[in-house]
Structures are given as C-alpha cells and as structure tokens.
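Quick notes on the structure that follows.
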Amino acid sequence: MKLTRRNAMIMGAGAFVAVGLPLRASATLADDAIAAFTGGAEMGDAGITLTAPEIAENGNTVPVEVSAPGASEILVLATGNPIPAVATFKFGPLAASQDASTRIRLAGTQEVVAIAKMADGSFAKASSTVKVTIGGCGG
C-alpha cells in the first residue's frame with residue numbers, strides 16, 4: 001500500500017476517533033454506577049469531604065480520604081478508569097465515625113468522585129481532580 005496524504009488523513013482521523021471512544025464509554029460507566037447507587041436521586045454537596053492530592057506522581061498508589069458524618073454508605077469512583085467503581089464503604093449503626101482512607105489506582109489525570117448515602121436516605125457528592133504524571137492502569 002502506498003502511503004498518500006489522503007491515507008494519512010484517514011488513518012489520523014481513525015486514530016482520533018479510536019482514542020476518544022474509551023473516554024466516552026468510561027464516563028458512561030461512571031454515570032451508570034452513580035445512577036445505580038443513588039437510584040437517580042438528587043445529590044447535595046454538603047455533608048461529605050473528599051481529600052485527594054492535586055498532583056499524584058504515580059497513578060499506582062494515590063491516597064484518598066473520605067468523611068461523611070451520618071452516612072450509612074460511601075461510594076468512591078474514578079471516572080477515567082476502565083472500571084470506575086473503586087470502593088464502597090458501609091457503616092453500621094455502631095460505627096464510631098463514618099470516614100475511610102485507602103489508596104487507589106488511577107489510569108491518568110481524572111476526576112475522583114465520592115457519594116455518600118446518608119442515614120435519612122439523602123445523598124451527598126464531593127469530587128476532586130487528580131493530575132497523574134505516570135498512569136497506574138497500564139498508562
């Protein structure tokens with residue numbers, strides 16, 4: 001096959017589309033996970049605190065802390081990962097505090113979202129963008 005300018009343009013456009021499709025698919029997966037967790041309910045922005053670094057040098061181990069006093073369950077998502085749901089923390093009635101910390105793996109620069117289901121059935125959401133210099137999910 002002779003590489004012409006037209007063929008190069010077609011291959012470039014195809015590569016652009018191929019790169020963009022997984023990003024849209026993972027955003028849809030994150031939206032689906034949020035809808036499944038909340039049942040489509042409205043989310044407030046008060047009552048939950050998400051602490052994540054602004055810049056992570058290595059996407060393999062990114063420390064994340066989440067706190068939501070009065071929560072019965074907390075969902076943590078990484079919207080740019082191939083599988084967005086990272087962790088779900090459940091708290092019983094005898095839990096001393098409703099906070100958790102863990103290290104997560106991030107494929108690249110993306111938004112980390114935490115959603116808390118409060119004891120009264122309401123939901124609260126917090127998010128933070130983490131810039132990753134070295135991807136952790138094969139990046």
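For the structure tokens, the naming scheme is as follows: chains receive sequential letters (A, B, ...) according to their order of presentation, residues are indexed from 1 within each chain, and ligands are indexed from 1 in presentation order.
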- Going by DSSP on the backbone, which bits of stretch 4-122 of chain A are alpha helix (DSSP H)? Write them as a PyMOL selection string, please. chain A and resi 5-38
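When the distance limit is 7 Å and only C-alpha atoms are what count, the residues near A:Val112, minus those fewer than 4 positions from it on the same chain, are Leu77, Ala78, Thr79, Ser127, Ser128 and Thr129 of chain A.
Closest to A:Thr109 among A:Thr88, A:Ser122, A:Ser97, A:Thr133 is A:Thr133, based on only C-alpha atoms.
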- Query: Excluding same-chain residues fewer than 4 positions from A:Ala46, what lies within 12 Å of it counting only C-alpha atoms, as a list in words?
  - Reply: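 The neighbour list is Leu50, Ser67, Ala68, Pro69, Gly70, Ala71, Ala114, Ile115, Ala116, Lys117, Met118, Ser122, Phe123, Ala124, Lys125, Ala126 and Ser127 of chain A.
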Expected file contents, prior selection, N, CA and C atoms, as an mmCIF file, in the first residue's frame:
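Dumped everything to selection_25.cif:
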```
data_model
loop_
_atom_site.group_PDB
_atom_site.id
_atom_site.type_symbol
_atom_site.label_atom_id
_atom_site.label_comp_id
_atom_site.auth_asym_id
_atom_site.auth_seq_id
_atom_site.Cartn_x
_atom_site.Cartn_y
_atom_site.Cartn_z
ATOM 1 N N LEU A 50 -14.018 14.998 50.640
ATOM 2 C CA LEU A 50 -13.100 14.132 49.906
ATOM 3 C C LEU A 50 -11.740 14.799 49.882
ATOM 4 N N SER A 67 -14.841 11.466 54.262
ATOM 5 C CA SER A 67 -15.511 11.568 55.550
ATOM 6 C C SER A 67 -16.913 12.113 55.329
ATOM 7 N N ALA A 68 -17.898 11.439 55.926
ATOM 8 C CA ALA A 68 -19.285 11.878 55.800
ATOM 9 C C ALA A 68 -20.019 11.522 57.089
ATOM 10 N N PRO A 69 -19.976 12.416 58.085
ATOM 11 C CA PRO A 69 -20.673 12.137 59.335
ATOM 12 C C PRO A 69 -22.166 11.890 59.092
ATOM 13 N N GLY A 70 -22.659 10.788 59.621
ATOM 14 C CA GLY A 70 -24.062 10.432 59.451
ATOM 15 C C GLY A 70 -24.342 9.581 58.232
ATOM 16 N N ALA A 71 -23.310 9.143 57.518
ATOM 17 C CA ALA A 71 -23.502 8.330 56.316
ATOM 18 C C ALA A 71 -23.629 6.854 56.672
ATOM 19 N N ALA A 114 -16.782 11.014 45.229
ATOM 20 C CA ALA A 114 -17.283 10.270 46.386
ATOM 21 C C ALA A 114 -18.748 10.652 46.601
ATOM 22 N N ILE A 115 -19.581 9.646 46.777
ATOM 23 C CA ILE A 115 -21.010 9.866 47.015
ATOM 24 C C ILE A 115 -21.375 9.142 48.301
ATOM 25 N N ALA A 116 -22.023 9.871 49.204
ATOM 26 C CA ALA A 116 -22.416 9.304 50.492
ATOM 27 C C ALA A 116 -23.930 9.168 50.552
ATOM 28 N N LYS A 117 -24.365 8.009 51.013
ATOM 29 C CA LYS A 117 -25.787 7.803 51.294
ATOM 30 C C LYS A 117 -25.964 8.046 52.789
ATOM 31 N N MET A 118 -26.721 9.067 53.101
ATOM 32 C CA MET A 118 -26.921 9.439 54.495
ATOM 33 C C MET A 118 -27.975 8.538 55.148
ATOM 34 N N SER A 122 -30.896 10.582 52.002
ATOM 35 C CA SER A 122 -30.408 11.592 51.060
ATOM 36 C C SER A 122 -28.992 11.246 50.615
ATOM 37 N N PHE A 123 -28.523 11.935 49.587
ATOM 38 C CA PHE A 123 -27.197 11.675 49.037
ATOM 39 C C PHE A 123 -26.396 12.965 48.979
ATOM 40 N N ALA A 124 -25.091 12.850 49.197
ATOM 41 C CA ALA A 124 -24.172 13.982 49.103
ATOM 42 C C ALA A 124 -23.013 13.573 48.202
ATOM 43 N N LYS A 125 -22.496 14.541 47.443
ATOM 44 C CA LYS A 125 -21.434 14.262 46.470
ATOM 45 C C LYS A 125 -20.284 15.246 46.641
ATOM 46 N N ALA A 126 -19.069 14.735 46.525
ATOM 47 C CA ALA A 126 -17.869 15.568 46.509
ATOM 48 C C ALA A 126 -16.948 15.028 45.418
ATOM 49 N N SER A 127 -16.191 15.904 44.779
ATOM 50 C CA SER A 127 -15.278 15.455 43.737
ATOM 51 C C SER A 127 -13.991 16.261 43.782
#
```
- Item | Shortest interatomic distance to A:Gly108 - which of A:Gly40, A:Pro84, A:Gly59, A:Gly47, counting only C-alpha atoms |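 Using only C-alpha atoms, A:Gly108 sits closest to A:Gly59.
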- Within chain A, find each residue whose DSSP state, derived from the backbone, is strand (DSSP E), and express the selection as a count of residues only. 52
- Query: Using only C-alpha atoms, which residue out of A:Ala8, A:Ile74, A:Val66, A:Ala33 lies closest to A:Ala52?
  - Reply: A:Val66
- If we count only C-alpha atoms, what is near A:Val132 at a cut-off of 12 Å, once residues fewer than 5 positions away on the same chain are taken out, given as a PyMOL selection string? chain A and resi 52-62+80+105-112+137+139
With C-alpha atoms retained, export the selected residues as a PDB file, in the first residue's frame.
```pdb
ATOM      1  CA  ALA A  52      -7.140  13.642  47.389  1.00  0.00           C
ATOM      2  CA  PRO A  53      -3.828  15.057  46.169  1.00  0.00           C
ATOM      3  CA  GLU A  54      -3.949  17.663  43.415  1.00  0.00           C
ATOM      4  CA  ILE A  55      -0.952  16.026  41.708  1.00  0.00           C
ATOM      5  CA  ALA A  56      -0.024  12.350  42.018  1.00  0.00           C
ATOM      6  CA  GLU A  57       3.424  11.381  40.780  1.00  0.00           C
ATOM      7  CA  ASN A  58       2.442   7.734  40.391  1.00  0.00           C
ATOM      8  CA  GLY A  59      -1.053   6.557  39.472  1.00  0.00           C
ATOM      9  CA  ASN A  60      -0.461   3.154  41.102  1.00  0.00           C
ATOM     10  CA  THR A  61      -0.920   4.458  44.658  1.00  0.00           C
ATOM     11  CA  VAL A  62      -2.998   7.601  45.105  1.00  0.00           C
ATOM     12  CA  GLY A  80     -11.426   7.867  33.915  1.00  0.00           C
ATOM     13  CA  ARG A 105      -5.057   3.235  41.219  1.00  0.00           C
ATOM     14  CA  LEU A 106      -5.706   5.880  38.567  1.00  0.00           C
ATOM     15  CA  ALA A 107      -5.197   5.375  34.834  1.00  0.00           C
ATOM     16  CA  GLY A 108      -4.371   9.046  34.265  1.00  0.00           C
ATOM     17  CA  THR A 109      -5.494  12.564  35.109  1.00  0.00           C
ATOM     18  CA  GLN A 110      -9.164  12.348  36.059  1.00  0.00           C
ATOM     19  CA  GLU A 111     -11.889  13.222  38.497  1.00  0.00           C
ATOM     20  CA  VAL A 112     -12.323  11.224  41.707  1.00  0.00           C
ATOM     21  CA  CYS A 137      -3.711   1.202  34.837  1.00  0.00           C
ATOM     22  CA  GLY A 139      -0.704   4.022  31.108  1.00  0.00           C
TER      23      GLY A 139
END
```
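Here atom CA of A:Leu75 is placed at a distance of 16.9 Å from atom CA of A:Ala95.
If you look at atom CA of A:Gln98 and atom CA of A:Ile48, they are 9.9 Å away from each other.
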- Message: Let me make sure I understand: among A:Ile83, A:Ala35, A:Val113, A:Val64, which one has the smallest atom-to-atom distance to A:Ser101 if we use only C-alpha atoms?
- Response: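 Closest to A:Ser101, using only C-alpha atoms: A:Val64.
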- d(atom CA of A:Pro63, atom CA of A:Gly39) in Å: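 Atom CA of A:Gly39 lies 28.2 Å from atom CA of A:Pro63.
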- Among the residues A:Asp45, A:Phe89, A:Gly12, A:Val130, the one that comes closest to A:Val76 [using only C-alpha atoms]: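 The shortest atom-to-atom distance to A:Val76 comes from A:Phe89.
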- Query: Which is closest to A:Asp32 among A:Ala119, A:Ala85, A:Ile134, A:Leu3, if we use only C-alpha atoms?
  - Reply: A:Ala85
